[in-house]
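Structure file data-v5.cif with mmCIF, C-alpha atoms and all ligand atoms:
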data_start
#
loop_
_atom_site.label_atom_id
_atom_site.label_comp_id
_atom_site.auth_asym_id
_atom_site.auth_seq_id
_atom_site.Cartn_x
_atom_site.Cartn_y
_atom_site.Cartn_z
CA MET S 26 -14.54 -4.95 8.90
CA ASN S 27 -14.14 -6.93 5.74
CA ALA S 28 -15.95 -5.56 2.72
CA ARG S 29 -18.06 -8.33 1.18
CA ILE S 30 -19.34 -6.98 -2.06
CA PRO S 31 -21.21 -9.21 -4.50
CA ILE S 32 -21.14 -7.86 -8.03
CA GLN S 33 -23.48 -10.24 -9.77
CA SER S 34 -24.05 -8.36 -12.98
CA LEU S 35 -20.58 -9.09 -14.33
CA PRO S 36 -19.41 -12.42 -15.78
CA ALA S 37 -17.94 -14.77 -13.16
CA SER S 38 -14.60 -15.10 -14.85
CA THR S 39 -12.81 -14.57 -18.10
CA THR S 40 -9.22 -15.17 -19.13
CA ASP S 41 -6.87 -12.60 -20.59
CA ALA S 42 -3.51 -13.60 -22.03
CA SER S 43 -2.22 -10.07 -22.63
CA CYS S 44 -0.39 -9.61 -19.32
CA ALA S 45 3.25 -10.15 -20.32
CA ASP S 46 1.97 -13.33 -21.98
CA LEU S 47 0.87 -14.81 -18.65
CA PRO S 48 -2.68 -16.12 -18.38
CA VAL S 49 -4.87 -13.91 -16.16
CA LEU S 50 -8.06 -15.22 -14.63
CA ARG S 51 -10.35 -12.22 -14.16
CA GLU S 52 -13.06 -12.59 -11.52
CA ARG S 53 -15.83 -10.28 -10.36
CA GLY S 54 -17.60 -11.92 -7.46
CA GLN S 55 -17.74 -11.70 -3.70
CA ARG S 56 -14.44 -10.53 -2.31
CA GLU S 57 -12.80 -10.76 1.10
CA VAL S 58 -10.56 -7.75 1.55
CA PHE S 59 -10.09 -4.94 4.03
CA CYS S 60 -11.38 -1.47 3.18
CA GLY S 61 -9.14 1.56 2.56
CA LEU S 62 -9.51 2.86 6.13
CA THR S 63 -6.79 0.35 7.04
CA GLY S 64 -4.17 2.60 5.41
CA ILE S 65 -4.57 5.05 8.30
CA VAL S 66 -2.74 2.55 10.47
CA TRP S 67 0.59 3.14 8.72
CA LEU S 68 -0.08 6.62 7.32
CA HIS S 69 -0.68 8.21 10.74
CA ARG S 70 2.69 6.89 11.90
CA LYS S 71 4.44 8.23 8.81
CA MET S 72 3.06 11.80 8.64
CA GLN S 73 3.75 13.18 12.06
CA ASP S 74 1.84 16.44 11.75
CA ALA S 75 -1.27 14.91 10.16
CA PHE S 76 -4.51 13.76 11.74
CA PHE S 77 -7.04 11.38 10.20
CA LEU S 78 -10.67 11.98 11.13
CA VAL S 79 -12.81 9.14 9.82
CA VAL S 80 -16.40 10.22 9.26
CA GLY S 81 -18.05 6.87 9.80
CA SER S 82 -19.81 4.40 12.05
CA ARG S 83 -18.85 2.62 15.25
CA THR S 84 -17.78 -0.30 13.07
CA CYS S 85 -15.26 1.94 11.28
CA ALA S 86 -13.99 3.15 14.68
CA HIS S 87 -13.55 -0.43 15.89
CA LEU S 88 -11.69 -1.42 12.72
CA ILE S 89 -9.15 1.37 13.04
CA GLN S 90 -8.77 1.00 16.78
CA SER S 91 -8.15 -2.73 16.66
CA ALA S 92 -6.02 -2.71 13.50
CA ALA S 93 -3.77 0.02 14.91
CA GLY S 94 -3.61 -1.67 18.32
CA VAL S 95 -3.34 1.71 20.04
CA MET S 96 -3.62 1.84 23.80
CA ILE S 97 -6.52 3.98 24.91
CA PHE S 98 -4.39 6.34 26.99
CA ALA S 99 -2.18 7.18 24.00
CA GLU S 100 -2.91 10.29 21.91
CA PRO S 101 -3.20 8.76 18.45
CA ARG S 102 -3.36 10.85 15.31
CA PHE S 103 -6.67 9.41 14.19
CA ALA S 104 -10.24 9.35 15.44
CA THR S 105 -13.75 8.69 14.21
CA ALA S 106 -16.57 11.22 14.05
CA ILE S 107 -19.49 8.85 14.51
CA ILE S 108 -22.44 9.15 12.17
CA ASP S 109 -25.39 7.99 14.28
CA GLU S 110 -29.04 7.16 13.60
CA ARG S 111 -30.14 10.83 13.71
CA ASP S 112 -27.62 11.68 11.00
CA LEU S 113 -28.59 8.69 8.89
CA ALA S 114 -32.27 9.62 9.20
CA GLY S 115 -31.49 13.18 8.07
CA LEU S 116 -32.63 14.62 11.43
CA ALA S 117 -29.38 16.47 12.13
CA ASP S 118 -27.15 18.79 10.14
CA VAL S 119 -24.08 16.57 9.74
CA HIS S 120 -21.95 19.43 8.38
CA GLU S 121 -22.67 21.52 11.48
CA GLU S 122 -21.79 18.62 13.79
CA LEU S 123 -18.62 17.94 11.84
CA ASP S 124 -17.55 21.59 12.11
CA GLN S 125 -17.96 21.40 15.89
CA VAL S 126 -15.99 18.14 16.15
CA VAL S 127 -13.15 19.64 14.10
CA GLN S 128 -13.21 22.84 16.13
CA ARG S 129 -12.85 20.89 19.40
CA LEU S 130 -10.17 18.63 17.95
CA LEU S 131 -8.00 21.48 16.66
CA ALA S 132 -8.36 23.40 19.93
CA ARG S 133 -7.12 20.35 21.86
CA ARG S 134 -4.36 19.35 19.41
CA PRO S 135 -2.26 22.37 18.35
CA ASP S 136 0.29 19.98 16.75
CA ILE S 137 -2.06 19.17 13.83
CA ARG S 138 -1.06 20.84 10.55
CA VAL S 139 -2.93 18.69 8.03
CA LEU S 140 -6.33 17.21 8.80
CA PHE S 141 -7.71 14.48 6.56
CA LEU S 142 -11.47 13.95 6.57
CA VAL S 143 -11.75 10.29 5.59
CA GLY S 144 -14.98 9.10 3.99
CA SER S 145 -16.48 5.70 4.82
CA CYS S 146 -19.39 3.52 3.69
CA PRO S 147 -21.90 5.36 5.95
CA SER S 148 -20.75 8.81 4.80
CA GLU S 149 -21.12 7.68 1.21
CA VAL S 150 -24.54 6.19 1.83
CA ILE S 151 -25.86 9.51 3.16
CA LYS S 152 -24.00 11.31 0.34
CA LEU S 153 -22.05 13.54 2.69
CA ASP S 154 -19.95 15.89 0.56
CA LEU S 155 -16.61 15.77 2.38
CA SER S 156 -14.77 17.76 -0.27
CA ARG S 157 -17.11 20.70 0.37
CA ALA S 158 -16.63 20.22 4.11
CA ALA S 159 -12.83 20.13 3.69
CA GLN S 160 -12.84 23.38 1.68
CA ARG S 161 -15.07 25.11 4.23
CA LEU S 162 -12.99 23.93 7.18
CA SER S 163 -9.72 24.83 5.43
CA ARG S 164 -10.99 28.38 4.99
CA LEU S 165 -11.98 28.49 8.66
CA HIS S 166 -8.69 27.17 10.03
CA GLN S 167 -6.10 28.48 7.58
CA PRO S 168 -3.22 29.17 7.70
CA ARG S 169 -2.63 26.94 10.72
CA VAL S 170 -4.31 23.81 9.37
CA LYS S 171 -4.96 22.51 5.88
CA VAL S 172 -8.05 20.27 5.67
CA LEU S 173 -8.15 17.65 2.91
CA ASN S 174 -10.42 14.71 2.20
CA TYR S 175 -10.38 11.28 0.60
CA SER S 176 -12.44 8.12 0.68
CA GLY S 177 -11.46 4.95 2.54
CA SER S 178 -14.86 3.36 2.13
CA GLY S 179 -15.19 -0.35 1.49
CA ILE S 180 -17.55 0.47 -1.38
CA GLU S 181 -14.82 2.34 -3.26
CA THR S 182 -11.49 1.11 -1.97
CA THR S 183 -9.65 -2.00 -0.91
CA PHE S 184 -6.97 -2.13 1.77
CA THR S 185 -3.99 -0.32 0.18
CA GLU S 186 -6.10 1.90 -2.09
CA GLY S 187 -6.66 4.06 1.00
CA GLU S 188 -3.00 5.13 0.83
CA ASP S 189 -3.37 5.82 -2.88
CA ALA S 190 -6.44 8.01 -2.26
CA CYS S 191 -4.68 9.84 0.59
CA LEU S 192 -1.51 10.59 -1.40
CA ALA S 193 -3.56 11.61 -4.45
CA ALA S 194 -5.31 14.15 -2.18
CA LEU S 195 -1.90 15.63 -1.28
CA VAL S 196 -0.73 16.08 -4.89
CA PRO S 197 -2.70 19.30 -5.64
CA GLU S 198 -1.13 20.79 -2.49
CA MET S 199 2.45 20.19 -3.69
CA PRO S 200 4.22 23.37 -4.82
CA SER S 201 5.31 23.66 -8.46
CA ARG S 202 8.96 23.39 -9.35
CA PRO S 203 10.50 26.80 -10.15
CA ALA S 204 10.64 27.41 -13.92
CA ALA S 205 14.42 27.89 -13.76
CA GLU S 206 14.87 24.34 -12.42
CA VAL S 207 12.68 22.27 -14.73
CA ASP S 208 15.62 21.28 -16.93
CA THR S 209 17.33 19.71 -13.90
CA PRO S 210 15.79 16.31 -13.17
CA GLU S 211 14.79 15.67 -9.57
CA LEU S 212 13.99 12.31 -8.07
CA LEU S 213 10.73 11.80 -6.18
CA VAL S 214 10.15 8.47 -4.41
CA VAL S 215 6.42 7.84 -4.09
CA GLY S 216 4.78 5.50 -1.58
CA SER S 217 4.96 5.31 2.16
CA LEU S 218 8.05 3.61 3.55
CA ALA S 219 8.96 2.98 7.18
CA ASP S 220 11.32 5.70 8.43
CA VAL S 221 14.16 3.20 8.84
CA VAL S 222 13.79 2.14 5.19
CA GLU S 223 13.56 5.73 3.96
CA ASP S 224 16.78 6.57 5.83
CA GLN S 225 18.59 3.58 4.29
CA PHE S 226 17.46 4.59 0.80
CA ARG S 227 18.53 8.21 1.39
CA ARG S 228 22.01 6.95 2.30
CA LEU S 229 22.13 4.70 -0.78
CA PHE S 230 20.96 7.49 -3.09
CA ALA S 231 23.60 9.80 -1.60
CA ALA S 232 26.25 7.11 -2.12
CA ILE S 233 25.38 6.91 -5.83
CA GLY S 234 25.56 10.66 -6.23
CA LEU S 235 21.91 11.62 -5.70
CA PRO S 236 21.86 13.52 -2.40
CA ARG S 237 18.65 15.46 -3.18
CA VAL S 238 15.82 12.95 -3.24
CA ALA S 239 12.30 13.82 -2.11
CA PHE S 240 9.79 11.36 -0.64
CA LEU S 241 5.99 11.39 -0.80
CA PRO S 242 4.60 11.11 1.82
CA ALA S 243 7.17 13.13 3.71
CA ARG S 244 7.41 12.88 7.50
CA GLN S 245 5.72 16.28 7.71
CA ALA S 246 2.57 16.39 5.57
CA SER S 247 2.66 20.20 5.74
CA THR S 248 6.04 20.45 3.98
CA LEU S 249 5.43 18.77 0.66
CA PRO S 250 8.06 18.39 -2.04
CA ALA S 251 7.75 20.33 -5.30
CA VAL S 252 6.56 18.65 -8.50
CA GLY S 253 6.54 19.59 -12.17
CA PRO S 254 8.34 19.02 -15.44
CA GLY S 255 11.70 17.47 -14.60
CA THR S 256 10.31 15.41 -11.71
CA ARG S 257 11.28 11.76 -12.13
CA MET S 258 8.85 9.64 -10.12
CA LEU S 259 10.04 6.32 -8.69
CA LEU S 260 7.18 4.26 -7.25
CA ALA S 261 8.06 2.43 -4.03
CA GLN S 262 4.65 0.73 -3.86
CA PRO S 263 2.66 -0.93 -6.64
CA PHE S 264 -0.78 0.29 -5.54
CA LEU S 265 -0.54 3.99 -6.38
CA ALA S 266 -2.42 4.30 -9.66
CA ALA S 267 -4.37 7.48 -8.76
CA THR S 268 -1.36 9.19 -7.15
CA ALA S 269 0.88 8.44 -10.13
CA LYS S 270 -1.78 9.75 -12.51
CA ALA S 271 -2.16 12.97 -10.47
CA LEU S 272 1.63 13.47 -10.43
CA GLU S 273 1.84 12.82 -14.18
CA ASP S 274 -0.85 15.45 -14.70
CA ARG S 275 1.49 17.87 -12.87
CA GLY S 276 4.36 17.01 -15.25
CA ALA S 277 6.16 14.19 -13.42
CA VAL S 278 7.45 11.25 -15.47
CA ARG S 279 7.37 7.72 -14.03
CA ILE S 280 10.56 5.68 -14.04
CA PRO S 281 9.66 2.12 -15.11
CA ALA S 282 11.09 -0.28 -12.53
CA PRO S 283 10.31 -3.33 -10.44
CA TYR S 284 9.68 -2.70 -6.73
CA PRO S 285 12.43 -2.69 -4.07
CA LEU S 286 11.67 -6.10 -2.58
CA GLY S 287 14.56 -8.54 -2.20
CA VAL S 288 18.11 -8.10 -3.47
CA GLU S 289 17.18 -8.33 -7.14
CA GLY S 290 14.20 -5.97 -6.92
CA THR S 291 16.06 -3.37 -4.83
CA LEU S 292 19.07 -3.35 -7.16
CA ALA S 293 16.87 -3.07 -10.28
CA TRP S 294 14.88 -0.24 -8.62
CA LEU S 295 18.04 1.71 -7.81
CA LEU S 296 19.52 1.05 -11.26
CA ALA S 297 16.35 2.35 -12.93
CA ALA S 298 16.50 5.53 -10.82
CA ALA S 299 20.19 5.99 -11.54
CA ASP S 300 19.64 5.53 -15.26
CA ALA S 301 16.85 8.13 -15.29
CA MET S 302 19.06 10.57 -13.38
CA GLY S 303 22.12 10.05 -15.59
CA VAL S 304 24.19 8.01 -13.10
CA ASP S 305 26.30 5.15 -14.45
CA SER S 306 25.20 1.65 -13.43
CA ALA S 307 28.78 0.82 -12.33
CA VAL S 308 28.44 3.47 -9.59
CA VAL S 309 25.29 1.76 -8.30
CA GLU S 310 26.89 -1.69 -8.45
CA ALA S 311 29.88 -0.45 -6.44
CA ALA S 312 27.85 1.54 -3.88
CA THR S 313 25.53 -1.38 -3.19
CA ALA S 314 28.09 -4.20 -3.20
CA ALA S 315 28.36 -4.55 0.59
CA PRO S 316 24.64 -4.48 1.49
CA ARG S 317 23.88 -6.78 -1.46
CA GLN S 318 26.41 -9.30 -0.26
CA ARG S 319 25.05 -9.20 3.30
CA ALA S 320 21.48 -9.64 2.06
CA THR S 321 22.40 -12.46 -0.34
CA GLN S 322 24.14 -14.34 2.45
CA ALA S 323 21.21 -13.88 4.82
CA LEU S 324 18.79 -15.11 2.14
CA ALA S 325 20.84 -18.24 1.39
CA ALA S 326 19.86 -19.83 4.70
CA MET S 327 16.18 -19.08 4.09
CA ARG S 328 16.35 -20.42 0.57
CA THR S 329 17.56 -23.79 1.83
CA ARG S 330 14.36 -24.13 3.85
CA LEU S 331 11.89 -22.51 1.46
CA ALA S 332 12.98 -23.78 -1.97
CA GLY S 333 10.35 -26.02 -3.51
CA GLN S 334 7.60 -24.96 -1.06
CA ARG S 335 4.35 -24.20 -2.89
CA ILE S 336 2.67 -20.86 -2.22
CA PHE S 337 -0.79 -19.47 -3.07
CA PHE S 338 -1.55 -15.71 -2.97
CA PHE S 339 -5.12 -14.54 -2.38
CA PRO S 340 -5.78 -10.98 -3.60
CA ASP S 341 -5.47 -8.37 -0.87
CA SER S 342 -2.74 -5.73 -0.84
CA GLN S 343 -1.70 -5.40 -4.53
CA LEU S 344 1.81 -6.34 -3.36
CA GLU S 345 1.20 -9.90 -4.51
CA VAL S 346 3.01 -9.76 -7.88
CA PRO S 347 6.28 -8.26 -6.55
CA LEU S 348 6.15 -10.66 -3.59
CA ALA S 349 5.60 -13.61 -5.93
CA ARG S 350 8.57 -12.52 -8.02
CA PHE S 351 10.72 -12.34 -4.87
CA VAL S 352 9.72 -15.71 -3.39
CA SER S 353 10.04 -17.54 -6.71
CA ARG S 354 13.31 -16.03 -7.95
CA GLU S 355 15.20 -15.44 -4.70
CA LEU S 356 13.79 -18.16 -2.47
CA GLY S 357 12.98 -20.86 -5.05
CA MET S 358 9.33 -21.18 -3.96
CA GLN S 359 6.77 -22.51 -6.43
CA LEU S 360 3.83 -20.27 -7.33
CA THR S 361 0.47 -22.01 -7.54
CA GLU S 362 -1.71 -18.89 -8.03
CA VAL S 363 -0.92 -15.20 -7.69
CA GLY S 364 -4.11 -13.24 -7.02
CA SER S 365 -4.28 -9.45 -6.88
CA PRO S 366 -7.34 -7.20 -6.40
CA TYR S 367 -6.16 -5.18 -9.39
CA LEU S 368 -3.31 -5.71 -11.87
CA HIS S 369 -1.99 -2.38 -13.10
CA ARG S 370 -0.42 -3.60 -16.36
CA THR S 371 1.85 -0.56 -16.79
CA HIS S 372 3.03 -0.20 -13.21
CA LEU S 373 3.65 -3.95 -12.97
CA ALA S 374 5.15 -4.53 -16.42
CA GLU S 375 8.73 -5.02 -15.13
CA GLU S 376 7.52 -7.34 -12.36
CA LEU S 377 5.32 -9.45 -14.64
CA ALA S 378 8.22 -9.93 -17.03
CA LEU S 379 10.21 -11.51 -14.18
CA LEU S 380 7.60 -14.08 -13.15
CA PRO S 381 8.22 -17.68 -14.23
CA ALA S 382 6.57 -18.72 -17.49
CA GLY S 383 3.13 -20.20 -16.93
CA THR S 384 2.44 -18.45 -13.59
CA GLN S 385 -1.32 -18.45 -12.95
CA LEU S 386 -2.40 -14.87 -12.27
CA SER S 387 -5.84 -13.84 -11.12
CA GLU S 388 -7.36 -10.38 -10.86
CA GLY S 389 -10.36 -9.52 -8.69
CA GLN S 390 -12.02 -12.25 -6.70
CA ASP S 391 -14.81 -14.75 -6.50
CA VAL S 392 -13.87 -16.02 -3.08
CA GLU S 393 -15.65 -19.40 -3.10
CA ARG S 394 -14.19 -20.34 -6.50
CA GLN S 395 -10.76 -19.22 -5.40
CA LEU S 396 -10.98 -21.25 -2.19
CA ASP S 397 -11.83 -24.30 -4.33
CA ARG S 398 -8.77 -23.66 -6.51
CA CYS S 399 -6.61 -23.22 -3.42
CA ARG S 400 -7.76 -26.53 -1.93
CA ALA S 401 -7.18 -28.26 -5.27
CA ALA S 402 -3.65 -26.84 -5.46
CA ALA S 403 -2.93 -27.92 -1.84
CA PRO S 404 -0.16 -25.32 -1.30
CA ASP S 405 2.29 -25.43 1.63
CA LEU S 406 1.66 -21.75 2.40
CA VAL S 407 -1.30 -19.44 1.74
CA VAL S 408 -0.94 -15.64 1.82
CA CYS S 409 -4.35 -14.11 2.49
CA GLY S 410 -6.41 -11.61 4.46
CA LEU S 411 -7.39 -12.12 8.10
CA GLY S 412 -10.90 -13.22 7.18
CA LEU S 413 -9.64 -16.26 5.29
CA ALA S 414 -6.62 -17.13 7.42
CA ASN S 415 -8.40 -18.69 10.39
CA PRO S 416 -10.70 -21.00 8.36
CA LEU S 417 -7.75 -22.09 6.22
CA GLU S 418 -5.60 -22.75 9.30
CA ALA S 419 -8.45 -24.86 10.66
CA GLU S 420 -8.35 -26.86 7.43
CA GLY S 421 -4.65 -27.53 7.99
CA TYR S 422 -3.02 -24.87 5.81
CA ALA S 423 -0.14 -22.69 6.96
CA THR S 424 -1.09 -19.06 6.33
CA LYS S 425 0.54 -15.64 6.32
CA TRP S 426 -1.60 -12.53 6.83
CA SER S 427 -1.04 -10.21 3.89
CA ILE S 428 -1.64 -7.20 6.15
CA GLU S 429 1.59 -8.06 7.98
CA LEU S 430 3.51 -7.66 4.74
CA VAL S 431 2.26 -4.08 4.53
CA PHE S 432 2.83 -3.15 8.18
CA THR S 433 6.36 -4.56 8.33
CA PRO S 434 9.39 -2.76 6.84
CA ILE S 435 10.23 -5.12 3.95
CA GLN S 436 11.83 -2.93 1.27
CA GLY S 437 15.54 -2.68 0.60
CA PHE S 438 18.63 -4.87 0.98
CA GLU S 439 18.71 -4.77 4.79
CA GLN S 440 15.12 -6.01 5.05
CA ALA S 441 15.37 -8.81 2.44
CA ALA S 442 15.98 -11.52 5.04
CA ASP S 443 13.19 -10.16 7.28
CA LEU S 444 10.86 -10.41 4.31
CA ALA S 445 11.89 -14.01 3.66
CA ALA S 446 11.41 -14.79 7.36
CA LEU S 447 7.78 -13.67 7.13
CA PHE S 448 7.20 -16.58 4.72
CA ASP S 449 9.39 -18.98 6.66
CA ARG S 450 7.87 -18.58 10.13
CA PRO S 451 4.38 -20.00 9.44
CA LEU S 452 5.95 -23.05 7.80
CA GLN S 453 8.28 -23.60 10.74
CA ARG S 454 5.38 -23.26 13.17
CA ARG S 455 3.31 -25.81 11.27
CA GLN S 456 6.25 -28.23 11.17
CA ARG S 457 6.66 -27.90 14.93
CA LEU S 458 2.94 -28.51 15.45
CA ALA S 459 3.06 -31.58 13.21
CA ALA S 460 6.05 -32.91 15.15
S1 LIG X 501 -15.60 2.02 5.72
FE1 LIG X 501 -17.16 0.45 5.29
S2 LIG X 501 -16.00 -1.48 5.12
FE2 LIG X 501 -14.66 0.02 6.17
S3 LIG X 501 -15.00 -0.31 8.38
FE3 LIG X 501 -16.40 1.36 7.73
S4 LIG X 501 -18.33 0.29 7.23
FE4 LIG X 501 -16.72 -1.30 7.29
#
Starting from the file, give its structure as structure tokens.
Ligand code: SF4
Amino acid sequence: MNARIPIQSLPASTTDASCADLPVLRERGQREVFCGLTGIVWLHRKMQDAFFLVVGSRTCAHLIQSAAGVMIFAEPRFATAIIDERDLAGLADVHEELDQVVQRLLARRPDIRVLFLVGSCPSEVIKLDLSRAAQRLSRLHQPRVKVLNYSGSGIETTFTEGEDACLAALVPEMPSRPAAEVDTPELLVVGSLADVVEDQFRRLFAAIGLPRVAFLPARQASTLPAVGPGTRMLLAQPFLAATAKALEDRGAVRIPAPYPLGVEGTLAWLLAAADAMGVDSAVVEAATAAPRQRATQALAAMRTRLAGQRIFFFPDSQLEVPLARFVSRELGMQLTEVGSPYLHRTHLAEELALLPAGTQLSEGQDVERQLDRCRAAAPDLVVCGLGLANPLEAEGYATKWSIELVFTPIQGFEQAADLAALFDRPLQRRQRLAA
């Protein structure tokens, strides 16, 4: 479900000109975004030995089931332990029921190595202490299964913050780097990437002389990479504030870089990693020449169609700033407003510096005001959540669901044209309808 959270005690909007000298409209009103449970949809595919047990309501179960689109006869790696009226009224011992659910689940699924208990709005409302439950269940089921917890509730998290909370929960479980190795830098790519994208990046890193690169999350949640002094952290996603902080607390150092979207972003991301690891930029330029050329050619056709089209980003996934940089610089689209639920000034510094002068940024949301601004701007394409897309389509706007930009492999040179096509298709469809 969409989390609709009015926060009336804060001022409706203020402006802040500190963000790489771009004006930022800050809003704290009703917002229309998915909750952090949505992250389970891509995380359960990525970590093949993990299971996500949402402790929530039937609504939470419906959200995950429909967002993941899993057929009922499949054995997915997620489920919902339903909190019912008896639990809400305090008539049942929820911890006892949870223990039994976990016991049955682990007996039926011997493939599970890491079990995430995922908090929701209902579990928060009844103040269910899932960290205590996770510790108790870990003790019960060790060494076979590690039980961890995080919150995906719509009260605490938006959409992609669920991944951040999940990865942050994994950080304390990562082994420490051996003392003898801390003087040797090691690259850690942080943020979930589709397997096909991860494989491409592994090949590119190997081609530039970095064959040992670790990824978080790894395909097996039970075999986590080591972290410590000497770890150079390269963020693959811009929404990982808590995870990055937890890794920094363990001694990792972040490599400042834009995100690997489009040809320009991917090259800058690889160059930043190479620089931090002592590899010459000429090596990167040479190793990436062929895929860059292919991607540039593929983008040229898209640019012909998309250049000059005006685009409006509603806040949803926190990918909005890197996407805006890509569509404006590589596709020639015009930015009307770039909204993000949260602008992490440090993690986005390199991206913000690449946005055109005068770009209107907004942080947070007051949905009715933002809809008014969108209508006034009359963009050709609106990127927004599912809850806004249908009404805007009915008003005659072409829309792109921001959730699709998270589910689809879009990072890297080979995916640059696919990413551009995601913006092109709704415009083509609307043109065909108009014709
Ligand atoms: S966690 Fe909250 S916002 Fe998300 S589906 Fe459950 S009730 Fe709805």
Using 12 Å as the limit and counting all atoms listed in the file, can you tabulate each residue of stretch 322-369 of chain S that touches stretch 418-427 of chain S, with its shortest atom-to-atom distance in Å and the two atoms involved, as a tab-separated table?
residue	atom	partner	partner_atom	distance
S:Gln334	CA	S:Ala423	CA	11.4
S:Arg335	CA	S:Ala423	CA	10.9
S:Ile336	CA	S:Thr424	CA	9.5
S:Phe337	CA	S:Thr424	CA	9.4
S:Phe338	CA	S:Ser427	CA	8.8
S:Phe339	CA	S:Ser427	CA	8.6
S:Pro340	CA	S:Ser427	CA	8.9
S:Asp341	CA	S:Ser427	CA	6.8
S:Ser342	CA	S:Ser427	CA	6.7
S:Gln343	CA	S:Ser427	CA	9.7
S:Leu344	CA	S:Ser427	CA	8.7
S:Glu345	CA	S:Ser427	CA	8.7
S:Leu348	CA	S:Ser427	CA	10.4
S:Gly364	CA	S:Ser427	CA	11.7
S:Ser365	CA	S:Ser427	CA	11.3
Output C-alpha atoms of each residue in that selection to a file, as a PDB file, in the frame of the given file.
ATOM      1  CA  GLN S 334       7.600 -24.960  -1.060  1.00  0.00           C
ATOM      2  CA  ARG S 335       4.350 -24.200  -2.890  1.00  0.00           C
ATOM      3  CA  ILE S 336       2.670 -20.860  -2.220  1.00  0.00           C
ATOM      4  CA  PHE S 337      -0.790 -19.470  -3.070  1.00  0.00           C
ATOM      5  CA  PHE S 338      -1.550 -15.710  -2.970  1.00  0.00           C
ATOM      6  CA  PHE S 339      -5.120 -14.540  -2.380  1.00  0.00           C
ATOM      7  CA  PRO S 340      -5.780 -10.980  -3.600  1.00  0.00           C
ATOM      8  CA  ASP S 341      -5.470  -8.370  -0.870  1.00  0.00           C
ATOM      9  CA  SER S 342      -2.740  -5.730  -0.840  1.00  0.00           C
ATOM     10  CA  GLN S 343      -1.700  -5.400  -4.530  1.00  0.00           C
ATOM     11  CA  LEU S 344       1.810  -6.340  -3.360  1.00  0.00           C
ATOM     12  CA  GLU S 345       1.200  -9.900  -4.510  1.00  0.00           C
ATOM     13  CA  LEU S 348       6.150 -10.660  -3.590  1.00  0.00           C
ATOM     14  CA  GLY S 364      -4.110 -13.240  -7.020  1.00  0.00           C
ATOM     15  CA  SER S 365      -4.280  -9.450  -6.880  1.00  0.00           C
TER      16      SER S 365
END
Item to check | S:Leu356 environment, 12 Å, all atoms listed in the file, sequence neighbours closer than 3 positions dropped, as a PyMOL selection string | outcome: chain S and resi 287-289+321+323-336+348-353+359-360+441-442+444-446+448-449
Preceding selection exported with C-alpha atoms as a CSV table (one decimal), in the coordinates of the input:
chain,number,residue,atom,x,y,z
S,287,GLY,CA,14.6,-8.5,-2.2
S,288,VAL,CA,18.1,-8.1,-3.5
S,289,GLU,CA,17.2,-8.3,-7.1
S,321,THR,CA,22.4,-12.5,-0.3
S,323,ALA,CA,21.2,-13.9,4.8
S,324,LEU,CA,18.8,-15.1,2.1
S,325,ALA,CA,20.8,-18.2,1.4
S,326,ALA,CA,19.9,-19.8,4.7
S,327,MET,CA,16.2,-19.1,4.1
S,328,ARG,CA,16.4,-20.4,0.6
S,329,THR,CA,17.6,-23.8,1.8
S,330,ARG,CA,14.4,-24.1,3.8
S,331,LEU,CA,11.9,-22.5,1.5
S,332,ALA,CA,13.0,-23.8,-2.0
S,333,GLY,CA,10.4,-26.0,-3.5
S,334,GLN,CA,7.6,-25.0,-1.1
S,335,ARG,CA,4.4,-24.2,-2.9
S,336,ILE,CA,2.7,-20.9,-2.2
S,348,LEU,CA,6.2,-10.7,-3.6
S,349,ALA,CA,5.6,-13.6,-5.9
S,350,ARG,CA,8.6,-12.5,-8.0
S,351,PHE,CA,10.7,-12.3,-4.9
S,352,VAL,CA,9.7,-15.7,-3.4
S,353,SER,CA,10.0,-17.5,-6.7
S,359,GLN,CA,6.8,-22.5,-6.4
S,360,LEU,CA,3.8,-20.3,-7.3
S,441,ALA,CA,15.4,-8.8,2.4
S,442,ALA,CA,16.0,-11.5,5.0
S,444,LEU,CA,10.9,-10.4,4.3
S,445,ALA,CA,11.9,-14.0,3.7
S,446,ALA,CA,11.4,-14.8,7.4
S,448,PHE,CA,7.2,-16.6,4.7
S,449,ASP,CA,9.4,-19.0,6.7
Counting only C-alpha atoms and all ligand atoms, what are the residues of chain S within 10 Å of ligand LIG 501 (chain X), and for each of them which pair of atoms is the nearest and at what distance in Å, to one decimal? Sort the table by chain and rising number, as CSV.
residue,atom,partner,partner_atom,distance
S:Met26,CA,X:LIG501,FE4,4.5
S:Asn27,CA,X:LIG501,S2,5.8
S:Ala28,CA,X:LIG501,S2,4.7
S:Arg29,CA,X:LIG501,S2,8.2
S:Ile30,CA,X:LIG501,S2,9.6
S:Val58,CA,X:LIG501,S2,9.0
S:Phe59,CA,X:LIG501,S2,6.9
S:Cys60,CA,X:LIG501,FE2,4.7
S:Gly61,CA,X:LIG501,FE2,6.8
S:Leu62,CA,X:LIG501,FE2,5.9
S:Thr63,CA,X:LIG501,FE2,7.9
S:Val79,CA,X:LIG501,S1,8.7
S:Val80,CA,X:LIG501,S1,9.0
S:Gly81,CA,X:LIG501,FE3,6.1
S:Ser82,CA,X:LIG501,FE3,6.3
S:Arg83,CA,X:LIG501,FE3,8.0
S:Thr84,CA,X:LIG501,S3,5.5
S:Cys85,CA,X:LIG501,S3,3.7
S:Ala86,CA,X:LIG501,S3,7.3
S:His87,CA,X:LIG501,S3,7.6
S:Leu88,CA,X:LIG501,S3,5.6
S:Ile89,CA,X:LIG501,S3,7.7
S:Val143,CA,X:LIG501,S1,9.1
S:Gly144,CA,X:LIG501,S1,7.3
S:Ser145,CA,X:LIG501,S1,3.9
S:Cys146,CA,X:LIG501,FE1,4.1
S:Pro147,CA,X:LIG501,S4,6.3
S:Ser148,CA,X:LIG501,S1,8.6
S:Glu149,CA,X:LIG501,S1,9.1
S:Val150,CA,X:LIG501,FE1,10.0
S:Ser176,CA,X:LIG501,S1,8.5
S:Gly177,CA,X:LIG501,S1,6.0
S:Ser178,CA,X:LIG501,S1,3.9
S:Gly179,CA,X:LIG501,S2,3.9
S:Ile180,CA,X:LIG501,FE1,6.7
S:Glu181,CA,X:LIG501,S1,9.0
S:Thr182,CA,X:LIG501,S1,8.8
S:Thr183,CA,X:LIG501,S2,8.8
S:Phe184,CA,X:LIG501,FE2,9.1
